[in-house]
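These notes are about the structure you will find just below.
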Amino acid sequence: MKPFFKTFFPVLFVSLLAVPAPVRPQSPGDVAVPLESSESLRSLAGQYFGESDDWEIILYYNGLKSSDELKTGRRLWIPVQQYREAAKIIHDCQQTVIAANAEGAGILVPIMIEQAIDNLNRSVQLKKKGDLKSAAQTARQALAEAGKALAETKDKRLQSVTAVLAEMRGTVQYRPGDALQWKDTVLKQELIEKDRLRTLSRSYGNILFIDGSRVQMDENALIVIEAVDKDVLKDVSSVDILVVEGDVSTLINSLQANSQFKVKSPDVNTRIRSRNFLTSRDRDKTTRFSNYDGEMDVASSGKQVTLVKNEGTKVSYGRSPSAPQKLLEPPQPVSPEEEQSLFSGEITFQFKSAERAHAVQIQVSRNKNFTEIEQTIRIKPARPAVWQAARNGAYYWRICAIDDEQLQGPYSKPVGFTVQVDRVPPYLALVSPAKDTVVFTGRIHIRGRAEKGNVVTVNRDTAAVSPDGAFMHAVALADGKQVLDVEAVDFAGNRSAIRREITCNLGKDLFTLAGEETILSNTGRITVSGQVKPAVRLEANGHPVETHDNSFSTVLDLSEGVHEIALRAISPGGTAQTRLLRVTVDTRPPELQIDEIPAYTELPEITLQGSLSKPADVFVNEGPVRSESGRFSCKISLAEGPNPVEIRVRDLSGNTTGKSYTVVRDTESPRVLSYNLSANRVAGGESIGVSVKALDRGVGMARTCTIIVEIDPAGGPVSGLLKLNPESGTYTGCLNIPPSFRGALKLSKLYLSDYLGNTTEYP
């Protein structure tokens, strides 16, 4: 069965840090919560959802892209009612899917239950992204599909006697009884009587029968489903499996009299009263049976032995079974321990070796019943067993001992563990400093929030993190620009980093600008901003400029032309500092004049020339073109057919203008499609009608064409002009035959041209 989840300001500018206005509630049941400094999204998710791992839902629901956008005091909307509704529907759907699969939906209605599981997984992903409304709608659809699958499974269950390939890994192939070639199987494929099934290297298959019995094939195994029968009147069913090669485990669901399950090899018969046993046959045709429950009779060459629980026997080809032999007890699993969480995908299995064990075998499964095998590892007892988990999630492992006769003992009890290869960067947010902060002291305090237990460093110095995740760290500054690197590392080694570039002003300047002193603009509304030292007054052309938190920002409304703005700062002690801003407001786009461009040409390239009214950048078909003294020129290569020519210019103030043209290159001559002469012979003195059908896909055909005909035997060439009908593409006209010309009439030449002079001579 498919798992439920397919796997789960600027450098010299500081603007006022205003808390963004909160979003309006999106639906009834939303709860507004202001974000406190001691809180995190995880704690809010745990408080209102009961699931702290769903903290990203709050983030996305409020239209935020990352937690770095959060500010203390911001009001967040928490969709409590929507979350509970979506979570309940998803839970109900999961339970219905479990019930349907328990009834055999994976066998009887595989496509239907797969669709339900796909929509269930999609609803979980939508919920994770904060789209709770769509998550609930998709979950409702999945619930309806799962309910229908459950109902149809119950209807079909009593009538189906086929088996299906319930689980597979790697390459599993089958061959029907009447076929000569092996074919690759697909998951949930139905298997019928006389089907052969084999697994290749590093592969396994799990066959599920309608009564719940399972036959599990390890790698390089080959079996034949010899019989699958059911007497509906007597309600008796039987299954016969022939093991040709490899290890095949059998887990029988019922030992009732009306259900018989038989597993044998080509030279060995069995009678089974056990629910759990292993059959293996190697390439030397030696068959081995290991019985783990009840009893089973093994017969060959006229001799029979009975195996009780935890006994085995070996049957060499053509010989009698060996005496029942006690199977080795399983080694004791040591690590991973029960319910242990592992944070690395590389798992090392440790165990206490069993006495007299020739080898040990470890199995890893996605479920406790070991019907979804991830890996089977056979090693010597002294060697370590290492396995790489493909994905996160719950796993189970068990181990058995194999003796010198290659008889496999019972497995140990399954040990469950969880792999949590956490590759998600930890939560990290900085409260201060803001981006591109300018400070006037030699020391700054870094404040922020991280997850509890994370290691936080500032420029590689470790910062103390409080139990609620808050941290503060003091950093000494030098004069000028410098970088602060803040990093958080979680217990799995994942890292989140934030870089802040700040400027420390320890010099004599009373104020600094967040931009250049020479400004070119295509708008008359200019913003001037920067930083001032504490208690410093600032003026612009004698008018006071408001400052706040040692920063300023003022808007100037200027007319077209050149302006000079004097910024003057006065310290409390009377010291003054003045800087002159030169602002040019130019809102007029440059004038663009283009020399004549041909609409049609037969040339492979043309030269584009033009002039500008003022200095500007020129782009032709998005490529830059050099201009000098108001003129520019460039060559444009032409392809056959229409060629777009786009000219765009942008002046130093950002004003843009442009023009577009299309130049058609036509080097192809017109094509004669057909011609017609009104007579095949002439007697002299007649007027012969002529029509010529032609086609030109370029600039267009000339208005006339020349035709020459020959008259044989008494006559010579006769020529004439034909006139074009543009609508039909047909040249028509008449040829006047001299009185003395007699004989057969034959086309000699046609000369057709287009308007660019491309000429066709036909034939």
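In the structure tokens, chains take letters A, B, ... by order of appearance, with residues numbered from 1 within each chain and ligands from 1 in the order shown.
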
task = For region 126-131 of chain A, work out the shell of residues within 9 Å, counting only C-alpha atoms and skipping chain neighbours fewer than 6 positions away, then give it as a VMD selection string.
result = chain A and resid 54 to 61 83 86 to 87 138

Please dump the current selection as an mmCIF file, in the first residue's frame; keep N, CA and C atoms.
```
data_model
loop_
_atom_site.group_PDB
_atom_site.id
_atom_site.type_symbol
_atom_site.label_atom_id
_atom_site.label_comp_id
_atom_site.auth_asym_id
_atom_site.auth_seq_id
_atom_site.Cartn_x
_atom_site.Cartn_y
_atom_site.Cartn_z
ATOM 1 N N ASP A 54 3.422 23.111 12.876
ATOM 2 C CA ASP A 54 2.627 23.783 11.855
ATOM 3 C C ASP A 54 2.744 25.303 11.938
ATOM 4 N N TRP A 55 3.897 25.782 12.450
ATOM 5 C CA TRP A 55 4.068 27.239 12.620
ATOM 6 C C TRP A 55 4.113 27.981 11.276
ATOM 7 N N GLU A 56 4.525 27.271 10.193
ATOM 8 C CA GLU A 56 4.605 27.941 8.904
ATOM 9 C C GLU A 56 3.218 28.339 8.384
ATOM 10 N N ILE A 57 2.174 27.646 8.856
ATOM 11 C CA ILE A 57 0.820 28.009 8.429
ATOM 12 C C ILE A 57 0.513 29.452 8.830
ATOM 13 N N ILE A 58 0.899 29.822 10.065
ATOM 14 C CA ILE A 58 0.671 31.201 10.530
ATOM 15 C C ILE A 58 1.446 32.176 9.657
ATOM 16 N N LEU A 59 2.690 31.806 9.306
ATOM 17 C CA LEU A 59 3.538 32.672 8.493
ATOM 18 C C LEU A 59 2.890 32.948 7.138
ATOM 19 N N TYR A 60 2.514 31.887 6.421
ATOM 20 C CA TYR A 60 1.956 32.045 5.084
ATOM 21 C C TYR A 60 0.558 32.664 5.123
ATOM 22 N N TYR A 61 -0.234 32.338 6.158
ATOM 23 C CA TYR A 61 -1.594 32.856 6.260
ATOM 24 C C TYR A 61 -1.597 34.376 6.371
ATOM 25 N N TYR A 83 -8.232 25.843 10.692
ATOM 26 C CA TYR A 83 -7.241 24.797 10.945
ATOM 27 C C TYR A 83 -7.914 23.554 11.528
ATOM 28 N N ALA A 86 -9.995 21.694 8.871
ATOM 29 C CA ALA A 86 -9.160 20.962 7.910
ATOM 30 C C ALA A 86 -8.495 19.768 8.570
ATOM 31 N N ALA A 87 -7.983 19.956 9.808
ATOM 32 C CA ALA A 87 -7.314 18.852 10.497
ATOM 33 C C ALA A 87 -8.278 17.699 10.764
ATOM 34 N N THR A 138 -10.018 19.572 -0.648
ATOM 35 C CA THR A 138 -9.341 18.399 -1.208
ATOM 36 C C THR A 138 -9.501 17.197 -0.292
#
```

Which of region 240-371 of chain A DSSP labels strand (DSSP E or B), written as a PyMOL selection string = chain A and resi 240-251+259-265+268-273+276-281+287-291+295-300+303-307+311-315+325-326+332-335+340-342+346-352+359-365

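Here CA of Arg378 (chain A) stands at a distance of 17.1 Å from CA of Arg288 (chain A).
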
inquiry  = Which residues are near Gln350 (chain A)? Cut-off 9 Å, only C-alpha atoms, ignore same chain within fewer than 4 positions. Put them as a PyMOL selection string.
reply    = chain A and resi 332-336+384-385

Any chance you could export the current selection's C-alpha atoms as a PDB file, in the first residue's frame?
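The result, stored in part_9.pdb:
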```pdb
ATOM      1  CA  GLN A 332      19.721  -9.423  20.724  1.00  0.00           C
ATOM      2  CA  PRO A 333      19.281  -5.996  19.044  1.00  0.00           C
ATOM      3  CA  VAL A 334      21.274  -3.254  20.753  1.00  0.00           C
ATOM      4  CA  SER A 335      21.119  -0.146  18.546  1.00  0.00           C
ATOM      5  CA  PRO A 336      19.032   1.597  17.320  1.00  0.00           C
ATOM      6  CA  PRO A 384      29.212  -3.988  11.246  1.00  0.00           C
ATOM      7  CA  ALA A 385      25.930  -3.517   9.403  1.00  0.00           C
TER       8      ALA A 385
END
```

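As for CA of Gly212 (chain A) and CA of Leu187 (chain A), they are spaced 17.1 Å apart.
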
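For Gly448 (chain A), the non-local neighbours within 7 Å, defined as residues at least 6 positions apart in the same chain or in other chains and counting only C-alpha atoms, are A:Ala429, A:Leu430, A:Val431, A:Ser432, A:Ala470, A:Phe471, A:Met472.
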
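Remark: for Val455 (chain A), the closest of the candidate residues A:Ser728, A:Ser496, A:Ser613, A:Thr518 is A:Ser496 (distances computed over only C-alpha atoms).
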
Shell around Arg703 (chain A) at 9 Å using only C-alpha atoms, local window under 5 positions removed, as a PDB file with N, CA and C atoms, in the first residue's frame:
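part22.pdb written:
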```pdb
ATOM      1  N   LEU A 722       2.105  39.204 -70.341  1.00  0.00           N
ATOM      2  CA  LEU A 722       0.913  38.825 -69.601  1.00  0.00           C
ATOM      3  C   LEU A 722       0.742  39.767 -68.421  1.00  0.00           C
ATOM      4  N   LYS A 723      -0.479  40.064 -68.050  1.00  0.00           N
ATOM      5  CA  LYS A 723      -0.766  41.012 -66.969  1.00  0.00           C
ATOM      6  C   LYS A 723      -1.274  40.254 -65.740  1.00  0.00           C
ATOM      7  N   LEU A 724      -0.809  40.681 -64.552  1.00  0.00           N
ATOM      8  CA  LEU A 724      -1.113  39.994 -63.288  1.00  0.00           C
ATOM      9  C   LEU A 724      -2.465  40.430 -62.725  1.00  0.00           C
ATOM     10  N   ASN A 725      -3.234  39.426 -62.305  1.00  0.00           N
ATOM     11  CA  ASN A 725      -4.411  39.673 -61.469  1.00  0.00           C
ATOM     12  C   ASN A 725      -3.966  39.444 -60.013  1.00  0.00           C
ATOM     13  N   PRO A 726      -3.741  40.488 -59.196  1.00  0.00           N
ATOM     14  CA  PRO A 726      -3.156  40.308 -57.849  1.00  0.00           C
ATOM     15  C   PRO A 726      -4.008  39.440 -56.940  1.00  0.00           C
ATOM     16  N   TYR A 731      -1.411  35.410 -64.162  1.00  0.00           N
ATOM     17  CA  TYR A 731      -1.075  36.258 -65.310  1.00  0.00           C
ATOM     18  C   TYR A 731      -1.936  35.792 -66.499  1.00  0.00           C
ATOM     19  N   SER A 753       9.218  37.902 -62.452  1.00  0.00           N
ATOM     20  CA  SER A 753      10.061  38.614 -61.484  1.00  0.00           C
ATOM     21  C   SER A 753       9.192  39.136 -60.351  1.00  0.00           C
ATOM     22  N   ASP A 754       9.863  39.347 -59.180  1.00  0.00           N
ATOM     23  CA  ASP A 754       9.189  40.081 -58.114  1.00  0.00           C
ATOM     24  C   ASP A 754       9.669  41.517 -58.124  1.00  0.00           C
ATOM     25  N   TYR A 755       9.184  42.318 -57.172  1.00  0.00           N
ATOM     26  CA  TYR A 755       9.510  43.741 -57.171  1.00  0.00           C
ATOM     27  C   TYR A 755      10.945  44.029 -56.767  1.00  0.00           C
TER      28      TYR A 755
END
```

query = How far is it from CA of Arg42 (chain A) to CA of Gln81 (chain A), in Å with one decimal?
reply = 18.1 Å

request  = Skip region 615-618 of chain A itself and residues of its chain fewer than 4 positions away, then list as an MDAnalysis selection string all residues within 10 Å of it, counting only C-alpha atoms.
outcome  = chainID A and resid 589:592 622:633 647:658

key: Ala463 (chain A) environment, 10 Å, only C-alpha atoms, sequence neighbours closer than 4 positions dropped, as a PyMOL selection string   = chain A and resi 446-447+455-459+471-474+486-488

Could those residues be written to a file, using all heavy atoms, as an mmCIF file, in the first residue's frame?
```cif
data_model
loop_
_atom_site.group_PDB
_atom_site.id
_atom_site.type_symbol
_atom_site.label_atom_id
_atom_site.label_comp_id
_atom_site.auth_asym_id
_atom_site.auth_seq_id
_atom_site.Cartn_x
_atom_site.Cartn_y
_atom_site.Cartn_z
ATOM 1 N N ILE A 446 23.576 43.287 19.359
ATOM 2 C CA ILE A 446 22.837 42.471 18.401
ATOM 3 C C ILE A 446 21.729 41.757 19.172
ATOM 4 O O ILE A 446 21.995 41.017 20.128
ATOM 5 C CB ILE A 446 23.747 41.438 17.712
ATOM 6 C CG1 ILE A 446 25.024 42.107 17.203
ATOM 7 C CG2 ILE A 446 22.998 40.730 16.595
ATOM 8 C CD1 ILE A 446 24.787 43.204 16.214
ATOM 9 N N ARG A 447 20.473 41.965 18.772
ATOM 10 C CA ARG A 447 19.332 41.337 19.442
ATOM 11 C C ARG A 447 18.514 40.546 18.424
ATOM 12 O O ARG A 447 18.355 40.975 17.283
ATOM 13 C CB ARG A 447 18.433 42.385 20.110
ATOM 14 C CG ARG A 447 19.089 43.124 21.271
ATOM 15 C CD ARG A 447 18.119 44.139 21.862
ATOM 16 N NE ARG A 447 18.663 44.787 23.040
ATOM 17 C CZ ARG A 447 19.430 45.861 23.025
ATOM 18 N NH1 ARG A 447 19.725 46.429 21.848
ATOM 19 N NH2 ARG A 447 19.899 46.382 24.131
ATOM 20 N N VAL A 455 22.592 26.945 18.835
ATOM 21 C CA VAL A 455 23.827 27.682 19.112
ATOM 22 C C VAL A 455 23.860 28.885 18.184
ATOM 23 O O VAL A 455 23.804 28.734 16.959
ATOM 24 C CB VAL A 455 25.069 26.798 18.891
ATOM 25 C CG1 VAL A 455 26.332 27.613 19.096
ATOM 26 C CG2 VAL A 455 25.053 25.614 19.841
ATOM 27 N N VAL A 456 23.937 30.079 18.756
ATOM 28 C CA VAL A 456 23.936 31.316 17.988
ATOM 29 C C VAL A 456 25.305 31.963 18.111
ATOM 30 O O VAL A 456 25.849 32.087 19.216
ATOM 31 C CB VAL A 456 22.834 32.279 18.468
ATOM 32 C CG1 VAL A 456 22.904 33.599 17.701
ATOM 33 C CG2 VAL A 456 21.460 31.646 18.306
ATOM 34 N N THR A 457 25.881 32.353 16.960
ATOM 35 C CA THR A 457 27.166 33.052 16.965
ATOM 36 C C THR A 457 27.024 34.364 16.213
ATOM 37 O O THR A 457 26.238 34.477 15.262
ATOM 38 C CB THR A 457 28.267 32.211 16.311
ATOM 39 O OG1 THR A 457 27.888 31.905 14.959
ATOM 40 C CG2 THR A 457 28.489 30.911 17.075
ATOM 41 N N VAL A 458 27.786 35.367 16.668
ATOM 42 C CA VAL A 458 27.861 36.656 15.992
ATOM 43 C C VAL A 458 29.323 36.877 15.642
ATOM 44 O O VAL A 458 30.172 36.976 16.540
ATOM 45 C CB VAL A 458 27.334 37.801 16.879
ATOM 46 C CG1 VAL A 458 27.453 39.132 16.143
ATOM 47 C CG2 VAL A 458 25.899 37.540 17.316
ATOM 48 N N ASN A 459 29.604 36.892 14.341
ATOM 49 C CA ASN A 459 30.999 36.956 13.881
ATOM 50 C C ASN A 459 31.853 35.908 14.592
ATOM 51 O O ASN A 459 32.957 36.164 15.068
ATOM 52 C CB ASN A 459 31.581 38.353 14.081
ATOM 53 C CG ASN A 459 31.018 39.355 13.088
ATOM 54 O OD1 ASN A 459 30.295 38.985 12.169
ATOM 55 N ND2 ASN A 459 31.326 40.620 13.276
ATOM 56 N N PHE A 471 18.156 36.313 22.264
ATOM 57 C CA PHE A 471 19.596 36.447 22.492
ATOM 58 C C PHE A 471 20.006 37.909 22.297
ATOM 59 O O PHE A 471 19.342 38.678 21.589
ATOM 60 C CB PHE A 471 20.408 35.538 21.569
ATOM 61 C CG PHE A 471 20.278 35.855 20.105
ATOM 62 C CD1 PHE A 471 21.107 36.787 19.482
ATOM 63 C CD2 PHE A 471 19.331 35.212 19.318
ATOM 64 C CE1 PHE A 471 20.993 37.063 18.134
ATOM 65 C CE2 PHE A 471 19.203 35.481 17.968
ATOM 66 C CZ PHE A 471 20.036 36.415 17.370
ATOM 67 N N MET A 472 21.121 38.290 22.944
ATOM 68 C CA MET A 472 21.711 39.618 22.790
ATOM 69 C C MET A 472 23.220 39.459 22.900
ATOM 70 O O MET A 472 23.715 38.688 23.739
ATOM 71 C CB MET A 472 21.194 40.580 23.854
ATOM 72 C CG MET A 472 21.748 41.997 23.688
ATOM 73 S SD MET A 472 21.157 43.146 24.960
ATOM 74 C CE MET A 472 22.061 42.559 26.385
ATOM 75 N N HIS A 473 23.949 40.174 22.033
ATOM 76 C CA HIS A 473 25.403 40.060 22.037
ATOM 77 C C HIS A 473 25.992 41.410 21.659
ATOM 78 O O HIS A 473 25.567 42.038 20.683
ATOM 79 C CB HIS A 473 25.854 38.980 21.049
ATOM 80 C CG HIS A 473 27.308 38.643 21.161
ATOM 81 N ND1 HIS A 473 27.819 37.908 22.211
ATOM 82 C CD2 HIS A 473 28.356 38.949 20.349
ATOM 83 C CE1 HIS A 473 29.112 37.756 22.032
ATOM 84 N NE2 HIS A 473 29.467 38.378 20.915
ATOM 85 N N ALA A 474 26.968 41.869 22.431
ATOM 86 C CA ALA A 474 27.612 43.151 22.177
ATOM 87 C C ALA A 474 28.805 42.951 21.247
ATOM 88 O O ALA A 474 29.570 41.992 21.390
ATOM 89 C CB ALA A 474 28.070 43.789 23.479
ATOM 90 N N VAL A 486 25.465 36.717 11.634
ATOM 91 C CA VAL A 486 24.772 36.033 12.732
ATOM 92 C C VAL A 486 24.344 34.667 12.212
ATOM 93 O O VAL A 486 23.741 34.568 11.137
ATOM 94 C CB VAL A 486 23.552 36.844 13.208
ATOM 95 C CG1 VAL A 486 22.880 36.156 14.393
ATOM 96 C CG2 VAL A 486 23.972 38.263 13.572
ATOM 97 N N GLU A 487 24.650 33.625 12.969
ATOM 98 C CA GLU A 487 24.365 32.263 12.521
ATOM 99 C C GLU A 487 23.759 31.461 13.655
ATOM 100 O O GLU A 487 24.165 31.598 14.811
ATOM 101 C CB GLU A 487 25.648 31.594 12.024
ATOM 102 C CG GLU A 487 25.434 30.224 11.416
ATOM 103 C CD GLU A 487 26.714 29.619 10.892
ATOM 104 O OE1 GLU A 487 27.616 29.328 11.713
ATOM 105 O OE2 GLU A 487 26.824 29.427 9.667
ATOM 106 N N ALA A 488 22.756 30.632 13.311
ATOM 107 C CA ALA A 488 22.139 29.713 14.268
ATOM 108 C C ALA A 488 22.327 28.298 13.745
ATOM 109 O O ALA A 488 22.110 28.030 12.561
ATOM 110 C CB ALA A 488 20.647 30.023 14.443
#
```

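Checking A:Ser691, A:Thr153, A:Thr437, A:Gln420 one by one against Gly729 (chain A), counting only C-alpha atoms, you find the shortest gap at A:Ser691.
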
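In this comparison, which uses only C-alpha atoms, the residue of A:Glu564, A:Asp68, A:Asp712, A:Asp155 approaching Ile519 (chain A) most closely is A:Glu564.
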